[in-house]
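Dumped input-v7.cif below, it's mmCIF, C-alpha atoms:
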```cif
data_data
loop_
_atom_site.label_atom_id
_atom_site.label_comp_id
_atom_site.auth_asym_id
_atom_site.auth_seq_id
_atom_site.Cartn_x
_atom_site.Cartn_y
_atom_site.Cartn_z
CA MET A 43 -58.03 -84.87 -92.18
CA VAL A 44 -57.56 -87.66 -89.64
CA ARG A 45 -53.79 -87.58 -90.07
CA ALA A 46 -53.75 -83.79 -89.61
CA ILE A 47 -55.50 -84.16 -86.22
CA GLU A 48 -53.26 -87.03 -85.12
CA ASP A 49 -49.95 -85.49 -86.18
CA HIS A 50 -50.39 -81.76 -85.56
CA CYS A 51 -51.79 -79.20 -83.17
CA PRO A 52 -54.10 -76.55 -84.69
CA ASP A 53 -51.57 -73.74 -84.24
CA GLN A 54 -49.04 -75.74 -86.26
CA LEU A 55 -51.49 -75.56 -89.16
CA LYS A 56 -51.81 -71.76 -88.73
CA LEU A 57 -55.21 -71.97 -87.08
CA PRO A 58 -56.13 -69.60 -84.19
CA TYR A 59 -56.59 -72.52 -81.77
CA TYR A 60 -54.40 -74.42 -79.33
CA LEU A 61 -56.54 -77.58 -78.96
CA TRP A 62 -58.50 -79.65 -81.43
CA THR A 63 -62.12 -78.65 -80.69
CA ARG A 64 -65.10 -78.99 -82.99
CA GLU A 65 -64.64 -75.32 -83.91
CA ALA A 66 -60.95 -75.92 -84.72
CA VAL A 67 -61.79 -78.87 -86.97
CA GLN A 68 -64.58 -76.84 -88.54
CA GLY A 69 -62.11 -74.04 -89.33
CA TYR A 70 -59.56 -76.47 -90.79
CA VAL A 71 -62.16 -78.18 -93.00
CA GLU A 72 -63.29 -74.83 -94.35
CA LYS A 73 -59.72 -73.60 -94.88
CA ARG A 74 -58.39 -76.83 -96.41
CA PHE A 75 -61.37 -78.06 -98.43
CA GLY A 76 -63.61 -75.00 -98.75
CA ILE A 77 -66.47 -76.84 -97.05
CA ARG A 78 -68.60 -75.21 -94.34
CA ARG A 79 -70.30 -77.58 -91.88
CA SER A 80 -71.97 -77.05 -88.48
CA VAL A 81 -70.17 -77.99 -85.26
CA TRP A 82 -72.73 -80.77 -84.71
CA THR A 83 -71.83 -82.31 -88.07
CA ILE A 84 -68.14 -81.96 -87.19
CA GLY A 85 -68.84 -83.72 -83.88
CA ARG A 86 -70.45 -86.65 -85.69
CA TRP A 87 -67.51 -86.85 -88.08
CA LEU A 88 -65.04 -86.92 -85.17
CA ALA A 89 -66.99 -89.74 -83.52
CA GLU A 90 -67.02 -91.72 -86.77
CA TRP A 91 -63.25 -91.22 -87.11
CA GLY A 92 -62.70 -92.62 -83.62
CA PHE A 93 -61.92 -89.35 -81.80
CA THR A 94 -63.20 -88.53 -78.31
CA PRO A 95 -62.71 -85.38 -76.18
CA GLN A 96 -59.82 -85.96 -73.76
CA LYS A 97 -57.73 -83.98 -71.30
CA PRO A 98 -54.29 -83.72 -72.94
CA ARG A 99 -51.02 -84.35 -71.16
CA ARG A 100 -48.52 -81.53 -71.04
CA ARG A 101 -45.06 -81.75 -72.54
CA ALA A 102 -42.50 -78.96 -72.26
CA PHE A 103 -41.29 -77.26 -75.43
CA GLU A 104 -37.77 -77.55 -73.99
CA GLN A 105 -37.83 -81.36 -73.98
CA ASN A 106 -35.31 -82.89 -76.36
CA PRO A 107 -36.80 -85.99 -78.07
CA GLU A 108 -33.34 -87.18 -79.12
CA ALA A 109 -32.12 -87.04 -75.51
CA VAL A 110 -35.17 -88.99 -74.35
CA GLU A 111 -34.66 -91.64 -77.01
CA GLN A 112 -30.95 -91.87 -76.14
CA TRP A 113 -31.78 -92.34 -72.46
CA VAL A 114 -34.41 -94.98 -73.13
CA LYS A 115 -32.56 -96.99 -75.77
CA LYS A 116 -28.97 -96.79 -74.52
CA ILE A 117 -28.46 -95.22 -71.10
CA TYR A 118 -31.19 -97.03 -69.20
CA PRO A 119 -30.41 -100.53 -70.55
CA LEU A 120 -26.75 -100.06 -69.60
CA LEU A 121 -27.76 -98.79 -66.18
CA HIS A 122 -30.12 -101.71 -65.67
CA ALA A 123 -27.42 -104.22 -66.63
CA ARG A 124 -24.93 -102.57 -64.29
CA ALA A 125 -27.36 -102.57 -61.36
CA LYS A 126 -28.17 -106.21 -62.01
CA ARG A 127 -24.48 -107.17 -61.92
CA GLU A 128 -24.06 -105.33 -58.62
CA HIS A 129 -27.33 -106.71 -57.15
CA ALA A 130 -28.38 -103.10 -56.58
CA LEU A 131 -31.82 -101.56 -56.12
CA MET A 132 -33.09 -98.94 -58.56
CA TYR A 133 -35.21 -96.20 -57.01
CA TRP A 134 -37.08 -93.51 -58.90
CA GLY A 135 -37.21 -90.33 -56.79
CA ASP A 136 -39.06 -87.04 -56.86
CA GLU A 137 -40.31 -84.28 -54.58
CA MET A 138 -43.40 -82.07 -54.59
CA GLY A 139 -45.25 -79.40 -52.63
CA LEU A 140 -48.76 -79.92 -51.23
CA ARG A 141 -51.28 -77.13 -50.61
CA SER A 142 -54.30 -77.19 -48.35
CA ASP A 143 -56.56 -75.70 -51.05
CA HIS A 144 -55.90 -78.48 -53.56
CA SER A 145 -59.15 -80.22 -54.46
CA THR A 146 -60.17 -83.05 -56.72
CA GLY A 147 -63.15 -85.26 -57.40
CA ARG A 148 -66.86 -84.51 -57.60
CA THR A 149 -69.85 -84.75 -55.30
CA PHE A 150 -73.53 -85.30 -56.08
CA GLY A 151 -75.96 -82.42 -55.72
CA ARG A 152 -79.29 -81.17 -57.00
CA ARG A 153 -79.29 -80.16 -60.64
CA GLY A 154 -78.61 -76.46 -60.95
CA GLN A 155 -77.51 -76.17 -57.29
CA THR A 156 -73.72 -76.27 -56.87
CA PRO A 157 -72.82 -78.07 -53.64
CA VAL A 158 -70.77 -76.13 -51.09
CA ILE A 159 -68.01 -77.90 -49.13
CA ALA A 160 -66.85 -76.25 -45.90
CA GLY A 161 -63.12 -75.78 -45.39
CA THR A 162 -60.69 -73.44 -43.74
CA GLY A 163 -59.97 -70.13 -45.44
CA GLN A 164 -56.33 -70.36 -44.39
CA ARG A 165 -53.70 -71.61 -46.79
CA PHE A 166 -50.88 -73.80 -45.58
CA ARG A 167 -48.61 -76.32 -47.19
CA CYS A 168 -46.03 -79.01 -46.68
CA ASN A 169 -43.52 -80.81 -48.90
CA MET A 170 -42.67 -84.43 -49.49
CA ILE A 171 -39.87 -86.40 -51.10
CA SER A 172 -40.27 -90.03 -52.08
CA ALA A 173 -38.56 -92.84 -53.94
CA LEU A 174 -40.00 -96.11 -55.18
CA THR A 175 -39.05 -99.25 -57.04
CA ASN A 176 -41.25 -101.06 -59.53
CA LYS A 177 -41.51 -103.91 -57.02
CA GLY A 178 -43.46 -101.61 -54.73
CA GLN A 179 -40.80 -100.59 -52.21
CA LEU A 180 -41.41 -97.03 -51.03
CA CYS A 181 -39.40 -94.56 -48.95
CA PHE A 182 -40.59 -91.04 -48.14
CA MET A 183 -40.17 -87.93 -46.00
CA VAL A 184 -42.79 -85.25 -45.27
CA PHE A 185 -41.46 -81.91 -44.05
CA LYS A 186 -42.48 -78.29 -43.46
CA LYS A 187 -39.41 -76.39 -44.64
CA ARG A 188 -38.28 -75.79 -48.20
CA PHE A 189 -36.64 -78.50 -50.26
CA THR A 190 -32.94 -77.85 -49.73
CA THR A 191 -29.62 -79.65 -49.90
CA ASP A 192 -29.92 -80.58 -46.21
CA VAL A 193 -33.30 -82.23 -46.81
CA LEU A 194 -32.08 -84.22 -49.80
CA LEU A 195 -28.93 -85.29 -47.98
CA ASP A 196 -30.98 -86.46 -45.00
CA PHE A 197 -33.27 -88.42 -47.30
CA MET A 198 -30.42 -90.12 -49.18
CA LYS A 199 -28.71 -91.09 -45.92
CA ARG A 200 -31.98 -92.63 -44.76
CA LEU A 201 -32.32 -94.46 -48.09
CA VAL A 202 -28.85 -95.96 -47.65
CA ARG A 203 -29.55 -97.00 -44.03
CA GLN A 204 -32.80 -98.72 -44.93
CA ASN A 205 -31.31 -100.78 -47.76
CA LYS A 206 -28.51 -103.29 -47.36
CA ARG A 207 -27.94 -103.32 -51.10
CA LYS A 208 -26.46 -100.53 -53.18
CA VAL A 209 -28.99 -97.95 -54.36
CA TYR A 210 -29.28 -96.33 -57.79
CA LEU A 211 -31.41 -93.19 -57.37
CA ILE A 212 -32.93 -91.86 -60.61
CA VAL A 213 -33.98 -88.22 -60.34
CA ASP A 214 -34.71 -85.17 -62.48
CA ASN A 215 -32.49 -82.14 -62.99
CA HIS A 216 -33.66 -80.06 -60.01
CA PRO A 217 -30.88 -77.65 -58.89
CA VAL A 218 -30.77 -79.27 -55.44
CA HIS A 219 -30.01 -82.64 -57.04
CA ARG A 220 -26.96 -81.07 -58.71
CA ALA A 221 -25.65 -79.22 -55.65
CA GLN A 222 -21.90 -79.53 -55.08
CA ARG A 223 -22.44 -80.66 -51.49
CA ILE A 224 -24.60 -83.54 -52.72
CA SER A 225 -22.00 -84.48 -55.34
CA ARG A 226 -19.23 -84.53 -52.75
CA TRP A 227 -21.25 -86.77 -50.43
CA LEU A 228 -22.11 -89.13 -53.28
CA LYS A 229 -18.46 -89.33 -54.31
CA ALA A 230 -17.57 -90.35 -50.75
CA ASN A 231 -20.30 -93.03 -50.73
CA THR A 232 -20.03 -94.59 -54.18
CA ASP A 233 -20.20 -98.10 -52.69
CA HIS A 234 -23.67 -97.40 -51.29
CA ILE A 235 -25.49 -95.03 -53.63
CA CYS A 236 -25.30 -93.67 -57.17
CA ARG A 237 -27.28 -90.74 -58.61
CA VAL A 238 -28.65 -90.93 -62.17
CA TYR A 239 -30.33 -88.08 -64.05
CA LEU A 240 -33.37 -88.32 -66.27
CA PRO A 241 -33.41 -86.24 -69.47
CA PRO A 242 -34.47 -82.63 -68.79
CA TYR A 243 -38.18 -81.81 -68.88
CA SER A 244 -39.26 -85.47 -69.01
CA PRO A 245 -41.52 -86.11 -65.98
CA GLU A 246 -43.48 -88.74 -67.91
CA LEU A 247 -40.46 -91.05 -67.64
CA ASN A 248 -40.55 -90.99 -63.84
CA PRO A 249 -43.14 -93.29 -62.20
CA ASP A 250 -42.74 -91.43 -58.90
CA GLU A 251 -44.69 -88.61 -60.55
CA PHE A 252 -47.66 -90.97 -60.56
CA LEU A 253 -47.34 -91.55 -56.81
CA ASN A 254 -47.29 -87.77 -56.37
CA GLN A 255 -50.59 -87.50 -58.20
CA ASP A 256 -52.04 -90.33 -56.14
CA VAL A 257 -51.10 -88.54 -52.90
CA LYS A 258 -52.45 -85.20 -54.13
CA SER A 259 -55.74 -86.72 -55.23
CA ASN A 260 -56.47 -89.16 -52.41
CA SER A 261 -54.68 -87.76 -49.37
CA VAL A 262 -55.03 -84.00 -49.87
CA GLY A 263 -57.68 -83.40 -52.51
CA ARG A 264 -60.38 -85.52 -50.86
CA HIS A 265 -59.87 -84.22 -47.30
CA ARG A 266 -60.22 -80.85 -45.62
CA PRO A 267 -57.44 -80.49 -43.02
CA HIS A 268 -57.95 -77.74 -40.44
CA ASP A 269 -54.25 -76.91 -40.05
CA GLN A 270 -50.79 -77.83 -41.26
CA GLU A 271 -50.25 -80.51 -38.60
CA GLU A 272 -53.41 -82.34 -39.62
CA MET A 273 -52.43 -82.12 -43.29
CA ILE A 274 -48.97 -83.56 -42.60
CA SER A 275 -50.51 -86.32 -40.47
CA ASN A 276 -52.92 -87.23 -43.28
CA VAL A 277 -50.14 -87.39 -45.87
CA ARG A 278 -47.88 -89.52 -43.66
CA ARG A 279 -50.71 -91.89 -42.78
CA TYR A 280 -51.59 -92.30 -46.44
CA LEU A 281 -47.99 -92.97 -47.48
CA ARG A 282 -47.50 -95.47 -44.66
CA SER A 283 -50.60 -97.33 -45.84
CA ARG A 284 -49.00 -97.49 -49.28
CA GLN A 285 -45.73 -98.71 -47.75
CA ARG A 286 -47.52 -101.60 -46.06
CA ARG A 287 -49.10 -102.64 -49.35
CA PRO A 288 -46.36 -102.71 -52.00
CA ASN A 289 -48.78 -104.32 -54.44
CA LEU A 290 -50.70 -101.02 -54.53
CA VAL A 291 -47.54 -99.04 -55.26
CA ASN A 292 -46.79 -101.49 -58.04
CA ALA A 293 -50.36 -101.15 -59.31
CA ILE A 294 -50.01 -97.35 -59.43
CA PHE A 295 -46.73 -97.85 -61.27
CA MET A 296 -48.24 -100.19 -63.87
CA GLN A 297 -51.55 -98.38 -64.32
CA ASN A 298 -49.84 -95.14 -65.22
CA LEU A 299 -47.17 -96.95 -67.19
CA PHE A 300 -49.62 -98.07 -69.84
CA ALA A 301 -51.18 -94.60 -70.04
CA MET A 302 -47.68 -93.25 -70.66
CA LEU A 303 -46.99 -95.95 -73.24
CA ALA A 304 -50.03 -94.97 -75.26
CA PHE A 305 -49.02 -91.32 -75.11
CA ASN A 306 -45.40 -91.81 -76.17
CA TYR A 307 -45.75 -94.74 -78.57
CA ALA A 308 -45.95 -92.78 -81.80
CA ILE A 309 -43.25 -90.28 -80.79
CA TYR A 310 -40.21 -92.00 -79.34
CA PHE A 311 -39.97 -95.76 -79.41
CA THR A 312 -41.67 -99.04 -80.14
CA LEU A 313 -44.03 -100.80 -77.72
CA PRO A 314 -41.90 -103.94 -77.19
CA LEU A 315 -38.86 -101.88 -76.24
CA ILE A 316 -40.54 -99.66 -73.68
CA THR A 317 -42.56 -102.54 -72.24
CA ARG A 318 -39.31 -104.43 -71.63
CA LEU A 319 -37.77 -101.25 -70.20
CA TRP A 320 -40.37 -100.65 -67.49
CA ILE A 321 -41.65 -104.12 -66.64
CA THR A 322 -38.25 -105.80 -66.19
CA LYS A 323 -37.74 -106.29 -62.45
CA LYS A 324 -34.75 -104.57 -60.93
#
```
Since I need it in another form, could you write the structure as structure tokens?
Amino acid sequence: MVRAIEDHCPDQLKLPYYLWTREAVQGYVEKRFGIRRSVWTIGRWLAEWGFTPQKPRRRAFEQNPEAVEQWVKKIYPLLHARAKREHALMYWGDEMGLRSDHSTGRTFGRRGQTPVIAGTGQRFRCNMISALTNKGQLCFMVFKKRFTTDVLLDFMKRLVRQNKRKVYLIVDNHPVHRAQRISRWLKANTDHICRVYLPPYSPELNPDEFLNQDVKSNSVGRHRPHDQEEMISNVRRYLRSRQRRPNLVNAIFMQNLFAMLAFNYAIYFTLPLITRLWITKK
């Protein structure tokens, strides 16, 4: 029973559930062993087996485990060795959109009386692009327009100007990252910057995703900006505070690293390998 919960989702066992709830376990016990127990008994069993209710991480069906393993075991170590020989910096980059109606966190209130938080009824947004190293160096841009080739090109030029050493920029497979104009510019600047792709549909491999969540939660989700300008100002101020304290960027990196390790351990690779992969200083 324990192995069935650890290794499968309920729908893989032909149960009419997507998540392992007490009802799902109850249905599986009855189907597999012919035993009918109450959900409270099932809850006690789950606690005794060491299971707790948790919010699951999402993983795309389209992700290729073999490609992820290949990237982790072969491509990244070669890339790391190459960057070390060239005394280059390795940045992990990503972009995201921010909305004014994003909210997070909780507030205390009287039991049975849901607190009401005032905020504008208007919806506005902005976008940001960032890149970080696991030593805590952070570069970013906050902008109003869509994420386009011009925006990415401007960001990469800024990244090159701000670093005297060659830059390896690790990004996902967004169409803008693969634009021909970007490729031509990179080809003309191979001495200064090199683009590297992560495996498709593998955001958990990119620590910049964790910075994105930090910004969403603490800069946008816990504030109520009145207009777009105030929202952009809040995001920039928050990111600049992170820039001035690289130890906090590194702490975000490491805190989410170990959460990712626990999630991926049984699927892709061994703990010593991935620990060496992420903790090794560029």
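Shortest atom-to-atom contact with Arg220 of chain A among A:Ala66, A:Leu194, A:Tyr243, A:Asp233: A:Leu194, counting only C-alpha atoms.
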Closest atom pairs, residues of segment 160-257 of chain A within 10 Å of segment 118-128 of chain A, only C-alpha atoms, as CSV:
```
residue,atom,partner,partner_atom,distance
A:Arg207,CA,A:Glu128,CA,8.7
A:Lys208,CA,A:Glu128,CA,7.6
A:Val209,CA,A:Ala125,CA,8.5
A:Tyr210,CA,A:Ala125,CA,7.4
A:Val238,CA,A:Leu121,CA,8.9
A:Leu240,CA,A:Tyr118,CA,9.4
```
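This file, queried with the PyMOL selection byres ((chain A and resi 241) around 10), gives the residues Gln105, Asn106, Pro107, Glu108, Ala109, Val110, Glu111, Gln112, Trp113, Val114, Val213, Asp214, Asn215, Val238, Tyr239, Leu240, Pro242, Tyr243, Ser244, Pro245 and Leu247 of chain A.
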Exercise. Give me the residues within 7 Å of segment 163-168 of chain A as number ranges by chain, counting all atoms listed in the file and dropping any in the same chain fewer than 6 places off.
Key: A: 139-143, 185-186, 270, 274
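Using only C-alpha atoms, the shortest contact distance between Tyr133 of chain A and any of A:Gln155, A:Asn248, A:Gln96, A:Ser80 is found at A:Asn248.
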Problem - Explicit residue set for the PyMOL selection byres ((chain A and resi 199) around 12), as a ChimeraX atom specification - result: /A:181,183,192-198,200-205,209,211,224,227-228,231,234-235
Written file, previous selection with C-alpha atoms, as an mmCIF file, in the frame of the given file:
```cif
data_model
loop_
_atom_site.group_PDB
_atom_site.id
_atom_site.type_symbol
_atom_site.label_atom_id
_atom_site.label_comp_id
_atom_site.auth_asym_id
_atom_site.auth_seq_id
_atom_site.Cartn_x
_atom_site.Cartn_y
_atom_site.Cartn_z
ATOM 1 C CA CYS A 181 -39.400 -94.560 -48.950
ATOM 2 C CA MET A 183 -40.170 -87.930 -46.000
ATOM 3 C CA ASP A 192 -29.920 -80.580 -46.210
ATOM 4 C CA VAL A 193 -33.300 -82.230 -46.810
ATOM 5 C CA LEU A 194 -32.080 -84.220 -49.800
ATOM 6 C CA LEU A 195 -28.930 -85.290 -47.980
ATOM 7 C CA ASP A 196 -30.980 -86.460 -45.000
ATOM 8 C CA PHE A 197 -33.270 -88.420 -47.300
ATOM 9 C CA MET A 198 -30.420 -90.120 -49.180
ATOM 10 C CA ARG A 200 -31.980 -92.630 -44.760
ATOM 11 C CA LEU A 201 -32.320 -94.460 -48.090
ATOM 12 C CA VAL A 202 -28.850 -95.960 -47.650
ATOM 13 C CA ARG A 203 -29.550 -97.000 -44.030
ATOM 14 C CA GLN A 204 -32.800 -98.720 -44.930
ATOM 15 C CA ASN A 205 -31.310 -100.780 -47.760
ATOM 16 C CA VAL A 209 -28.990 -97.950 -54.360
ATOM 17 C CA LEU A 211 -31.410 -93.190 -57.370
ATOM 18 C CA ILE A 224 -24.600 -83.540 -52.720
ATOM 19 C CA TRP A 227 -21.250 -86.770 -50.430
ATOM 20 C CA LEU A 228 -22.110 -89.130 -53.280
ATOM 21 C CA ASN A 231 -20.300 -93.030 -50.730
ATOM 22 C CA HIS A 234 -23.670 -97.400 -51.290
ATOM 23 C CA ILE A 235 -25.490 -95.030 -53.630
#
```
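The spacing separating atom CA of Lys229 of chain A from atom CA of Gly178 of chain A amounts to 27.9 Å.
Closest approach to Glu271 of chain A among A:Arg153, A:Arg64, A:Val184, A:Met138: A:Val184, based on only C-alpha atoms.
Interatomic distance, atom CA of Arg188 of chain A to atom CA of Glu104 of chain A: 25.9 Å.
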Taken to one decimal, the atom CA of Thr83 of chain A-atom CA of Gly154 of chain A distance is 28.6 Å
Of A:Asn289, A:Thr232, A:Asn260, A:Thr191, the one sitting nearest His216 of chain A when using all atoms listed in the file is A:Thr191
- Query: If we count only C-alpha atoms, what is near segment 51-54 of chain A at a cut-off of 9 Å, once residues fewer than 5 positions away on the same chain are taken out, given as JSON, numbers by chain?
  - Reply: {"A": [46, 59, 60, 61, 62, 66, 67, 70]}
Min atom-atom distance to Trp134 of chain A from the set A:Ala230, A:Ile171, A:Ile47, A:Leu88, counting all atoms listed in the file, belongs to A:Ile171
Nearest to His144 of chain A, restricted to only C-alpha atoms and choosing among A:Arg226, A:Arg86, A:Arg78, A:His265, comes out as A:His265
